[in-house]
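Undergrad: Following this message is one structure expressed as structure tokens.
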Amino acid sequence: MSDMKFNQTESLVVRELITRLRVYDVMSRDIYAVRETDSMRSVQNLMKEKKVSGIPVTDEEDVLRGIITVDDIIYALDCKHIEEPCGSHMSDNVICLNEQYPLAVAISFFEKYSYRRYPVTNEAGKLTGMITGRDILSSLLFEINNEVDKLEEMLPEKKVKSSEYFYKKHHVESRNMSAAGTASTEIKNFCKRSNFPRPFIRRVGVAAFELEINIVVHSQGGSLTIIREEDYITLVAKDSGPGIADTDKAMETGFSTANDWVRSYGFGAGMGLPNIKRVSDDFSINSSPAGTKVTATFNID
């Protein structure tokens, strides 16, 4: 089956998933909420701790009553209301999603409104989760891979072609989200054309995407290079700064220095570098204010 046919298949799979999946299939159940009696200061501290720009407000039965945003905190600081109960300053006209809504409805909310995350409630109005663009993207990628895997399993496995040296450097622009994913897609397509085993292609694809996104959202631009040797493939990501202050900390799952702009696109959950190390056979990272270099190697099975 050609790459074009698979692209068409993946497009059909996406449309089917958007229709079939519900908000509760995608939402995050790790909820941070406050009560109306909690002070604005405590909400501010919670936002800082959890690195979020909005906190839902619920009553004793977890029914959603409102939401406090960064703008509300700034206003409270300016007007010296920061020690007052948040119930007096919350926005009570909250745009939220019912957990039974189709995923297509959730996507339409992100297109219609400018909010980065939405509270999710059940039929009784109780807060049951939060949903972000990253939640949707991650769930769709997971489900798409599962569906495409099922289709690929119907095809006969091909043997890897004889070894050929290959080298290609892809230039990656900083903050150009419209082009993000181009380099990693080309790398994955190269692996498909080379008839590598499907699990191998998935591992390289995951690492290439994470490396490319890191360059786009965290650096001043750089390159992503693929090198094929006889028994392995190497991915080399280089950028021109500002570097990673603590690489050991950056390798911890969940650690992130992403700003709101990065998070608004669904990234910045602190999974990128740990994911790359997890799927690769050999991994190294070196960073300074002049830039970061990440090398990931994959043994061809």
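Ordered as shown in the structure tokens, chains take letters A, B, and onward, while each chain numbers its residues from 1 and ligands are numbered from 1 in the order shown.
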Would you kindly return, as a ChimeraX atom specification, each protein, DNA or RNA residue with an atom no farther than 7 Å from any atom of Val70 in chain A, considering only C-alpha atoms and excluding same-chain residues fewer than 3 positions away?
TA: /A:53-54,73-74
Undergrad: For range 170-181 of chain A, please output as a ChimeraX atom specification all residues within 9 Å (counting only C-alpha atoms; exclusion window: fewer than 6 positions along the same chain).
TA: /A:208-209,212-213,215-226,239,265
Undergrad: I need the residues from that last selection saved to file as a compact mmCIF listing (two decimals), in the first residue's frame (with N, CA, C and O atoms), if you can.
TA:
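Final file, result-v7.txt:
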# COMPACT_ATOMS: atom_id res chain seq x y z
N ALA A 208 11.76 11.54 16.77
CA ALA A 208 11.94 12.62 15.80
C ALA A 208 10.95 13.75 16.06
O ALA A 208 11.30 14.94 16.01
N PHE A 209 9.69 13.40 16.34
CA PHE A 209 8.67 14.42 16.60
C PHE A 209 9.00 15.21 17.86
O PHE A 209 8.94 16.45 17.86
N GLU A 212 11.98 17.52 17.25
CA GLU A 212 11.63 18.67 16.41
C GLU A 212 10.81 19.70 17.19
O GLU A 212 11.08 20.91 17.12
N ILE A 213 9.82 19.23 17.94
CA ILE A 213 8.98 20.15 18.71
C ILE A 213 9.81 20.90 19.75
O ILE A 213 9.61 22.11 19.98
N ILE A 215 12.87 21.86 19.51
CA ILE A 215 13.59 22.93 18.81
C ILE A 215 12.64 24.09 18.51
O ILE A 215 12.97 25.26 18.71
N VAL A 216 11.43 23.76 18.05
CA VAL A 216 10.46 24.79 17.67
C VAL A 216 10.05 25.65 18.86
O VAL A 216 10.04 26.87 18.78
N VAL A 217 9.72 25.02 19.98
CA VAL A 217 9.11 25.76 21.09
C VAL A 217 10.09 26.23 22.16
O VAL A 217 9.77 27.14 22.93
N HIS A 218 11.27 25.62 22.23
CA HIS A 218 12.18 25.96 23.33
C HIS A 218 13.49 26.63 22.90
O HIS A 218 14.27 27.02 23.76
N SER A 219 13.74 26.74 21.59
CA SER A 219 15.05 27.25 21.17
C SER A 219 14.90 28.41 20.18
O SER A 219 13.80 28.81 19.82
N GLN A 220 16.05 28.86 19.71
CA GLN A 220 16.09 29.92 18.70
C GLN A 220 16.24 29.35 17.30
O GLN A 220 16.61 30.06 16.36
N GLY A 221 15.92 28.07 17.14
CA GLY A 221 16.02 27.41 15.85
C GLY A 221 17.21 26.46 15.80
O GLY A 221 18.13 26.54 16.61
N GLY A 222 17.18 25.54 14.85
CA GLY A 222 18.28 24.59 14.75
C GLY A 222 18.06 23.60 13.64
O GLY A 222 17.46 23.93 12.61
N SER A 223 18.50 22.36 13.85
CA SER A 223 18.41 21.34 12.80
C SER A 223 18.15 19.97 13.42
O SER A 223 18.49 19.71 14.58
N LEU A 224 17.54 19.11 12.61
CA LEU A 224 17.31 17.72 12.99
C LEU A 224 17.87 16.86 11.87
O LEU A 224 17.41 16.94 10.73
N THR A 225 18.87 16.05 12.19
CA THR A 225 19.58 15.27 11.18
C THR A 225 19.34 13.78 11.40
O THR A 225 19.35 13.30 12.54
N ILE A 226 19.12 13.06 10.30
CA ILE A 226 19.02 11.61 10.35
C ILE A 226 20.23 11.01 9.64
O ILE A 226 20.61 11.45 8.55
N ASP A 239 20.42 22.92 18.43
CA ASP A 239 19.81 24.24 18.37
C ASP A 239 20.82 25.30 18.80
O ASP A 239 21.91 24.97 19.26
N TYR A 265 -0.47 25.44 22.74
CA TYR A 265 -0.46 24.53 21.60
C TYR A 265 -0.51 23.07 22.03
O TYR A 265 -0.40 22.16 21.20
Undergrad: Determine, counting only C-alpha atoms, which protein, DNA and RNA residues have an atom within 10 Å of an atom of range 23-28 of chain A; residues of the same chain fewer than 6 positions away are not included. Present the result as an mmCIF file with N, CA and C atoms, in the first residue's frame.
TA:
data_model
loop_
_atom_site.group_PDB
_atom_site.id
_atom_site.type_symbol
_atom_site.label_atom_id
_atom_site.label_comp_id
_atom_site.auth_asym_id
_atom_site.auth_seq_id
_atom_site.Cartn_x
_atom_site.Cartn_y
_atom_site.Cartn_z
ATOM 1 N N LEU A 97 -17.451 22.042 29.374
ATOM 2 C CA LEU A 97 -17.864 20.954 28.495
ATOM 3 C C LEU A 97 -18.467 19.834 29.325
ATOM 4 N N ASN A 98 -19.535 19.248 28.810
ATOM 5 C CA ASN A 98 -20.105 18.068 29.448
ATOM 6 C C ASN A 98 -19.266 16.860 29.053
ATOM 7 N N GLU A 99 -18.994 15.977 30.006
ATOM 8 C CA GLU A 99 -18.121 14.834 29.728
ATOM 9 C C GLU A 99 -18.687 13.888 28.675
ATOM 10 N N GLN A 100 -19.993 13.993 28.397
ATOM 11 C CA GLN A 100 -20.613 13.127 27.396
ATOM 12 C C GLN A 100 -20.561 13.715 25.982
ATOM 13 N N TYR A 101 -20.088 14.954 25.853
ATOM 14 C CA TYR A 101 -20.028 15.576 24.534
ATOM 15 C C TYR A 101 -19.076 14.803 23.618
ATOM 16 N N PRO A 102 -19.392 14.734 22.321
ATOM 17 C CA PRO A 102 -18.425 14.169 21.371
ATOM 18 C C PRO A 102 -17.165 15.028 21.325
ATOM 19 N N LEU A 103 -16.042 14.413 21.013
ATOM 20 C CA LEU A 103 -14.777 15.145 20.953
ATOM 21 C C LEU A 103 -14.856 16.271 19.928
ATOM 22 N N ALA A 104 -15.658 16.086 18.891
ATOM 23 C CA ALA A 104 -15.801 17.119 17.862
ATOM 24 C C ALA A 104 -16.302 18.428 18.469
ATOM 25 N N VAL A 105 -17.170 18.337 19.467
ATOM 26 C CA VAL A 105 -17.683 19.544 20.127
ATOM 27 C C VAL A 105 -16.555 20.239 20.888
ATOM 28 N N ALA A 106 -15.729 19.457 21.583
ATOM 29 C CA ALA A 106 -14.608 20.037 22.323
ATOM 30 C C ALA A 106 -13.659 20.764 21.379
ATOM 31 N N ILE A 107 -13.367 20.154 20.240
ATOM 32 C CA ILE A 107 -12.475 20.784 19.264
ATOM 33 C C ILE A 107 -13.065 22.098 18.771
ATOM 34 N N TYR A 118 -10.531 23.841 29.382
ATOM 35 C CA TYR A 118 -11.931 23.950 29.761
ATOM 36 C C TYR A 118 -12.250 22.964 30.886
ATOM 37 N N PRO A 119 -13.042 23.411 31.874
ATOM 38 C CA PRO A 119 -13.519 22.468 32.896
ATOM 39 C C PRO A 119 -14.507 21.490 32.256
ATOM 40 N N VAL A 120 -14.537 20.290 32.785
ATOM 41 C CA VAL A 120 -15.465 19.265 32.309
ATOM 42 C C VAL A 120 -16.366 18.861 33.474
ATOM 43 N N THR A 121 -17.668 18.798 33.212
ATOM 44 C CA THR A 121 -18.630 18.445 34.264
ATOM 45 C C THR A 121 -19.492 17.275 33.823
ATOM 46 N N ASN A 122 -20.130 16.630 34.807
ATOM 47 C CA ASN A 122 -21.096 15.581 34.492
ATOM 48 C C ASN A 122 -22.499 16.170 34.443
ATOM 49 N N THR A 128 -15.488 17.009 36.864
ATOM 50 C CA THR A 128 -14.920 15.655 36.732
ATOM 51 C C THR A 128 -13.575 15.648 36.020
ATOM 52 N N GLY A 129 -13.194 16.782 35.409
ATOM 53 C CA GLY A 129 -11.909 16.809 34.713
ATOM 54 C C GLY A 129 -11.635 18.158 34.083
ATOM 55 N N MET A 130 -10.501 18.213 33.400
ATOM 56 C CA MET A 130 -10.118 19.386 32.611
ATOM 57 C C MET A 130 -9.645 18.864 31.261
ATOM 58 N N ILE A 131 -9.817 19.666 30.228
ATOM 59 C CA ILE A 131 -9.374 19.256 28.899
ATOM 60 C C ILE A 131 -8.583 20.380 28.248
ATOM 61 N N THR A 132 -7.439 20.016 27.656
ATOM 62 C CA THR A 132 -6.577 20.969 26.960
ATOM 63 C C THR A 132 -6.341 20.480 25.535
ATOM 64 N N GLY A 133 -5.717 21.343 24.756
ATOM 65 C CA GLY A 133 -5.365 20.945 23.399
ATOM 66 C C GLY A 133 -4.420 19.760 23.385
ATOM 67 N N ARG A 134 -3.504 19.721 24.348
ATOM 68 C CA ARG A 134 -2.566 18.590 24.411
ATOM 69 C C ARG A 134 -3.290 17.291 24.721
ATOM 70 N N ASP A 135 -4.309 17.337 25.596
ATOM 71 C CA ASP A 135 -5.074 16.132 25.893
ATOM 72 C C ASP A 135 -5.683 15.558 24.615
ATOM 73 N N ILE A 136 -6.250 16.450 23.798
ATOM 74 C CA ILE A 136 -6.873 16.008 22.548
ATOM 75 C C ILE A 136 -5.833 15.440 21.601
ATOM 76 N N LEU A 137 -4.723 16.162 21.424
ATOM 77 C CA LEU A 137 -3.675 15.719 20.500
ATOM 78 C C LEU A 137 -3.089 14.378 20.929
ATOM 79 N N SER A 138 -2.768 14.247 22.216
ATOM 80 C CA SER A 138 -2.162 13.005 22.704
ATOM 81 C C SER A 138 -3.096 11.817 22.533
ATOM 82 N N SER A 139 -4.371 12.012 22.841
ATOM 83 C CA SER A 139 -5.339 10.923 22.719
ATOM 84 C C SER A 139 -5.540 10.516 21.267
ATOM 85 N N LEU A 140 -5.624 11.504 20.375
ATOM 86 C CA LEU A 140 -5.801 11.196 18.963
ATOM 87 C C LEU A 140 -4.593 10.450 18.404
#
Undergrad: Identify, with DSSP run on backbone atoms, the residues in range 44-293 of chain A assigned to alpha helix (DSSP H), and express the list as a ChimeraX atom specification.
TA: /A:44-50,70-78,103-112,133-152,182-193,198-218,247-250,260-264,272-279
Undergrad: Would you give me, as a ChimeraX atom specification, the residues in range 33-164 of chain A that DSSP reads as strand (DSSP E or B)?
TA: /A:34-35,39,54-58,63-69,85,91,97-98,102,117-121,126-132
Undergrad: What separation in Å, quoted to one decimal, exists between CA of Phe109 in chain A and CA of Lys50 in chain A?
TA: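 The value is 23.7 Å.
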Undergrad: Provide the CA of Thr295 in chain A to CA of Asn195 in chain A distance in Å, to one decimal place.
TA: 23.0 Å
Undergrad: If I take CA of Lys168 in chain A and CA of Ile227 in chain A, how far is one from the other in Å, to one decimal?
TA: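 Going from CA of Lys168 in chain A over to CA of Ile227 in chain A, I get 6.8 Å.
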Undergrad: Find the residues near Gln44 in chain A: any atom within 10 Å, counting only C-alpha atoms, skip ones fewer than 2 places away on the same chain, and give them as an mmCIF file with all heavy atoms, in the first residue's frame.
TA:
data_model
loop_
_atom_site.group_PDB
_atom_site.id
_atom_site.type_symbol
_atom_site.label_atom_id
_atom_site.label_comp_id
_atom_site.auth_asym_id
_atom_site.auth_seq_id
_atom_site.Cartn_x
_atom_site.Cartn_y
_atom_site.Cartn_z
ATOM 1 N N SER A 39 -8.630 31.961 49.765
ATOM 2 C CA SER A 39 -8.199 33.316 49.402
ATOM 3 C C SER A 39 -7.619 33.363 47.993
ATOM 4 O O SER A 39 -7.146 32.356 47.453
ATOM 5 C CB SER A 39 -7.155 33.814 50.394
ATOM 6 O OG SER A 39 -5.935 33.105 50.228
ATOM 7 N N MET A 40 -7.653 34.543 47.411
ATOM 8 C CA MET A 40 -7.044 34.737 46.099
ATOM 9 C C MET A 40 -5.541 34.460 46.163
ATOM 10 O O MET A 40 -4.939 33.994 45.198
ATOM 11 C CB MET A 40 -7.297 36.167 45.612
ATOM 12 C CG MET A 40 -8.749 36.472 45.302
ATOM 13 S SD MET A 40 -9.355 35.575 43.854
ATOM 14 C CE MET A 40 -8.631 36.561 42.519
ATOM 15 N N ARG A 41 -4.932 34.735 47.311
ATOM 16 C CA ARG A 41 -3.504 34.468 47.491
ATOM 17 C C ARG A 41 -3.224 32.970 47.367
ATOM 18 O O ARG A 41 -2.254 32.560 46.714
ATOM 19 C CB ARG A 41 -3.054 34.955 48.866
ATOM 20 C CG ARG A 41 -1.602 34.633 49.197
ATOM 21 C CD ARG A 41 -0.649 35.556 48.505
ATOM 22 N NE ARG A 41 -0.740 36.903 49.070
ATOM 23 C CZ ARG A 41 -0.103 37.961 48.555
ATOM 24 N NH1 ARG A 41 0.638 37.819 47.467
ATOM 25 N NH2 ARG A 41 -0.240 39.149 49.117
ATOM 26 N N SER A 42 -4.060 32.150 47.984
ATOM 27 C CA SER A 42 -3.858 30.706 47.912
ATOM 28 C C SER A 42 -4.055 30.194 46.483
ATOM 29 O O SER A 42 -3.365 29.271 46.045
ATOM 30 C CB SER A 42 -4.804 29.979 48.872
ATOM 31 O OG SER A 42 -6.157 30.139 48.478
ATOM 32 N N LEU A 46 -1.296 28.298 44.131
ATOM 33 C CA LEU A 46 -1.593 27.028 43.476
ATOM 34 C C LEU A 46 -1.312 27.109 41.981
ATOM 35 O O LEU A 46 -0.775 26.162 41.379
ATOM 36 C CB LEU A 46 -3.050 26.633 43.726
ATOM 37 C CG LEU A 46 -3.483 25.262 43.202
ATOM 38 C CD1 LEU A 46 -2.653 24.147 43.826
ATOM 39 C CD2 LEU A 46 -4.970 25.035 43.463
ATOM 40 N N MET A 47 -1.669 28.229 41.361
ATOM 41 C CA MET A 47 -1.372 28.431 39.940
ATOM 42 C C MET A 47 0.128 28.365 39.679
ATOM 43 O O MET A 47 0.588 27.738 38.721
ATOM 44 C CB MET A 47 -1.898 29.793 39.476
ATOM 45 C CG MET A 47 -3.384 29.862 39.236
ATOM 46 S SD MET A 47 -3.823 31.488 38.556
ATOM 47 C CE MET A 47 -5.596 31.303 38.391
ATOM 48 N N LYS A 48 0.874 29.011 40.558
ATOM 49 C CA LYS A 48 2.330 29.035 40.405
ATOM 50 C C LYS A 48 2.905 27.633 40.570
ATOM 51 O O LYS A 48 3.781 27.207 39.820
ATOM 52 C CB LYS A 48 2.943 29.989 41.427
ATOM 53 C CG LYS A 48 4.432 30.218 41.242
ATOM 54 C CD LYS A 48 4.982 31.151 42.324
ATOM 55 C CE LYS A 48 4.310 32.518 42.248
ATOM 56 N NZ LYS A 48 4.874 33.474 43.248
ATOM 57 N N GLU A 49 2.398 26.905 41.554
ATOM 58 C CA GLU A 49 2.902 25.554 41.839
ATOM 59 C C GLU A 49 2.598 24.585 40.689
ATOM 60 O O GLU A 49 3.449 23.798 40.285
ATOM 61 C CB GLU A 49 2.271 25.030 43.128
ATOM 62 C CG GLU A 49 2.661 23.594 43.465
ATOM 63 C CD GLU A 49 1.861 23.034 44.628
ATOM 64 O OE1 GLU A 49 1.187 23.834 45.331
ATOM 65 O OE2 GLU A 49 1.901 21.808 44.833
ATOM 66 N N VAL A 52 -0.323 26.537 35.880
ATOM 67 C CA VAL A 52 -1.544 26.652 35.093
ATOM 68 C C VAL A 52 -2.035 28.097 35.147
ATOM 69 O O VAL A 52 -1.668 28.864 36.038
ATOM 70 C CB VAL A 52 -2.649 25.695 35.602
ATOM 71 C CG1 VAL A 52 -2.230 24.253 35.403
ATOM 72 C CG2 VAL A 52 -2.971 25.968 37.066
ATOM 73 N N SER A 53 -2.882 28.461 34.193
ATOM 74 C CA SER A 53 -3.364 29.845 34.117
ATOM 75 C C SER A 53 -4.827 29.986 34.530
ATOM 76 O O SER A 53 -5.402 31.057 34.402
ATOM 77 C CB SER A 53 -3.191 30.373 32.684
ATOM 78 O OG SER A 53 -3.874 29.557 31.757
ATOM 79 N N GLY A 54 -5.410 28.889 35.013
ATOM 80 C CA GLY A 54 -6.793 28.954 35.470
ATOM 81 C C GLY A 54 -7.087 27.838 36.459
ATOM 82 O O GLY A 54 -6.607 26.716 36.293
ATOM 83 N N ILE A 55 -7.872 28.146 37.499
ATOM 84 C CA ILE A 55 -8.231 27.158 38.525
ATOM 85 C C ILE A 55 -9.747 27.169 38.709
ATOM 86 O O ILE A 55 -10.337 28.217 38.983
ATOM 87 C CB ILE A 55 -7.561 27.480 39.877
ATOM 88 C CG1 ILE A 55 -6.036 27.444 39.759
ATOM 89 C CG2 ILE A 55 -8.040 26.512 40.948
ATOM 90 C CD1 ILE A 55 -5.431 26.085 39.695
ATOM 91 N N ILE A 68 -11.114 30.947 38.407
ATOM 92 C CA ILE A 68 -10.191 32.062 38.632
ATOM 93 C C ILE A 68 -9.092 31.980 37.587
ATOM 94 O O ILE A 68 -8.475 30.924 37.421
ATOM 95 C CB ILE A 68 -9.563 32.005 40.042
ATOM 96 C CG1 ILE A 68 -10.644 32.117 41.122
ATOM 97 C CG2 ILE A 68 -8.522 33.111 40.214
ATOM 98 C CD1 ILE A 68 -11.296 33.468 41.207
ATOM 99 N N THR A 69 -8.861 33.082 36.876
ATOM 100 C CA THR A 69 -7.819 33.119 35.858
ATOM 101 C C THR A 69 -6.672 34.018 36.303
ATOM 102 O O THR A 69 -6.767 34.717 37.318
ATOM 103 C CB THR A 69 -8.382 33.646 34.528
ATOM 104 O OG1 THR A 69 -8.742 35.034 34.693
ATOM 105 C CG2 THR A 69 -9.604 32.851 34.088
ATOM 106 N N VAL A 70 -5.609 33.997 35.536
ATOM 107 C CA VAL A 70 -4.469 34.871 35.818
ATOM 108 C C VAL A 70 -4.901 36.329 35.824
ATOM 109 O O VAL A 70 -4.436 37.125 36.658
ATOM 110 C CB VAL A 70 -3.345 34.639 34.781
ATOM 111 C CG1 VAL A 70 -2.265 35.700 34.928
ATOM 112 C CG2 VAL A 70 -2.737 33.255 34.957
ATOM 113 N N ASP A 72 -7.728 37.504 36.754
ATOM 114 C CA ASP A 72 -8.394 37.779 38.032
ATOM 115 C C ASP A 72 -7.368 37.999 39.138
ATOM 116 O O ASP A 72 -7.557 38.865 40.019
ATOM 117 C CB ASP A 72 -9.310 36.607 38.410
ATOM 118 C CG ASP A 72 -10.453 36.417 37.421
ATOM 119 O OD1 ASP A 72 -10.979 37.427 36.935
ATOM 120 O OD2 ASP A 72 -10.792 35.259 37.141
ATOM 121 N N ILE A 73 -6.292 37.228 39.116
ATOM 122 C CA ILE A 73 -5.229 37.377 40.121
ATOM 123 C C ILE A 73 -4.550 38.744 39.983
ATOM 124 O O ILE A 73 -4.307 39.447 40.978
ATOM 125 C CB ILE A 73 -4.191 36.250 39.986
ATOM 126 C CG1 ILE A 73 -4.829 34.885 40.290
ATOM 127 C CG2 ILE A 73 -2.993 36.506 40.891
ATOM 128 C CD1 ILE A 73 -5.289 34.714 41.705
ATOM 129 N N ILE A 74 -4.250 39.123 38.744
ATOM 130 C CA ILE A 74 -3.606 40.422 38.504
ATOM 131 C C ILE A 74 -4.487 41.560 38.993
ATOM 132 O O ILE A 74 -4.023 42.511 39.641
ATOM 133 C CB ILE A 74 -3.275 40.587 37.006
ATOM 134 C CG1 ILE A 74 -2.201 39.569 36.583
ATOM 135 C CG2 ILE A 74 -2.799 42.012 36.708
ATOM 136 C CD1 ILE A 74 -1.945 39.534 35.098
ATOM 137 N N LEU A 77 -4.437 41.750 42.754
ATOM 138 C CA LEU A 77 -3.183 42.340 43.231
ATOM 139 C C LEU A 77 -3.212 43.853 43.069
ATOM 140 O O LEU A 77 -2.840 44.601 43.994
ATOM 141 C CB LEU A 77 -2.002 41.748 42.469
ATOM 142 C CG LEU A 77 -1.611 40.304 42.822
ATOM 143 C CD1 LEU A 77 -0.634 39.743 41.787
ATOM 144 C CD2 LEU A 77 -0.986 40.250 44.223
ATOM 145 N N ILE A 82 -6.095 40.650 47.212
ATOM 146 C CA ILE A 82 -5.477 39.336 47.079
ATOM 147 C C ILE A 82 -5.729 38.430 48.288
ATOM 148 O O ILE A 82 -5.663 37.203 48.187
ATOM 149 C CB ILE A 82 -3.951 39.477 46.823
ATOM 150 C CG1 ILE A 82 -3.368 38.170 46.267
ATOM 151 C CG2 ILE A 82 -3.235 39.940 48.081
ATOM 152 C CD1 ILE A 82 -3.861 37.792 44.911
#
Undergrad: Pick out the residues sitting within 8 Å of range 59-65 of chain A, and hand them over as an mmCIF file with N, CA and C atoms, in the first residue's frame; count only C-alpha atoms, and ignore anything fewer than 3 positions along from it in its own chain.
TA:
data_model
loop_
_atom_site.group_PDB
_atom_site.id
_atom_site.type_symbol
_atom_site.label_atom_id
_atom_site.label_comp_id
_atom_site.auth_asym_id
_atom_site.auth_seq_id
_atom_site.Cartn_x
_atom_site.Cartn_y
_atom_site.Cartn_z
ATOM 1 N N ARG A 35 -12.040 26.116 46.790
ATOM 2 C CA ARG A 35 -13.365 26.463 47.291
ATOM 3 C C ARG A 35 -13.549 27.978 47.252
ATOM 4 N N GLU A 36 -14.796 28.404 47.306
ATOM 5 C CA GLU A 36 -15.101 29.835 47.260
ATOM 6 C C GLU A 36 -14.531 30.583 48.459
ATOM 7 N N PRO A 56 -10.416 26.003 38.583
ATOM 8 C CA PRO A 56 -11.865 25.948 38.824
ATOM 9 C C PRO A 56 -12.189 26.150 40.308
ATOM 10 N N ASP A 92 -18.146 33.635 37.232
ATOM 11 C CA ASP A 92 -19.149 32.582 37.429
ATOM 12 C C ASP A 92 -19.866 32.201 36.137
ATOM 13 N N THR A 121 -17.668 18.798 33.212
ATOM 14 C CA THR A 121 -18.630 18.445 34.264
ATOM 15 C C THR A 121 -19.492 17.275 33.823
ATOM 16 N N ALA A 124 -24.739 16.246 36.594
ATOM 17 C CA ALA A 124 -25.120 16.916 37.843
ATOM 18 C C ALA A 124 -24.364 18.221 38.055
ATOM 19 N N GLY A 125 -23.500 18.586 37.114
ATOM 20 C CA GLY A 125 -22.737 19.813 37.232
ATOM 21 C C GLY A 125 -21.473 19.684 38.059
ATOM 22 N N LYS A 126 -21.121 18.464 38.456
ATOM 23 C CA LYS A 126 -19.911 18.257 39.242
ATOM 24 C C LYS A 126 -18.676 18.259 38.345
ATOM 25 N N LEU A 127 -17.623 18.866 38.844
ATOM 26 C CA LEU A 127 -16.366 18.918 38.107
ATOM 27 C C LEU A 127 -15.737 17.524 38.065
#
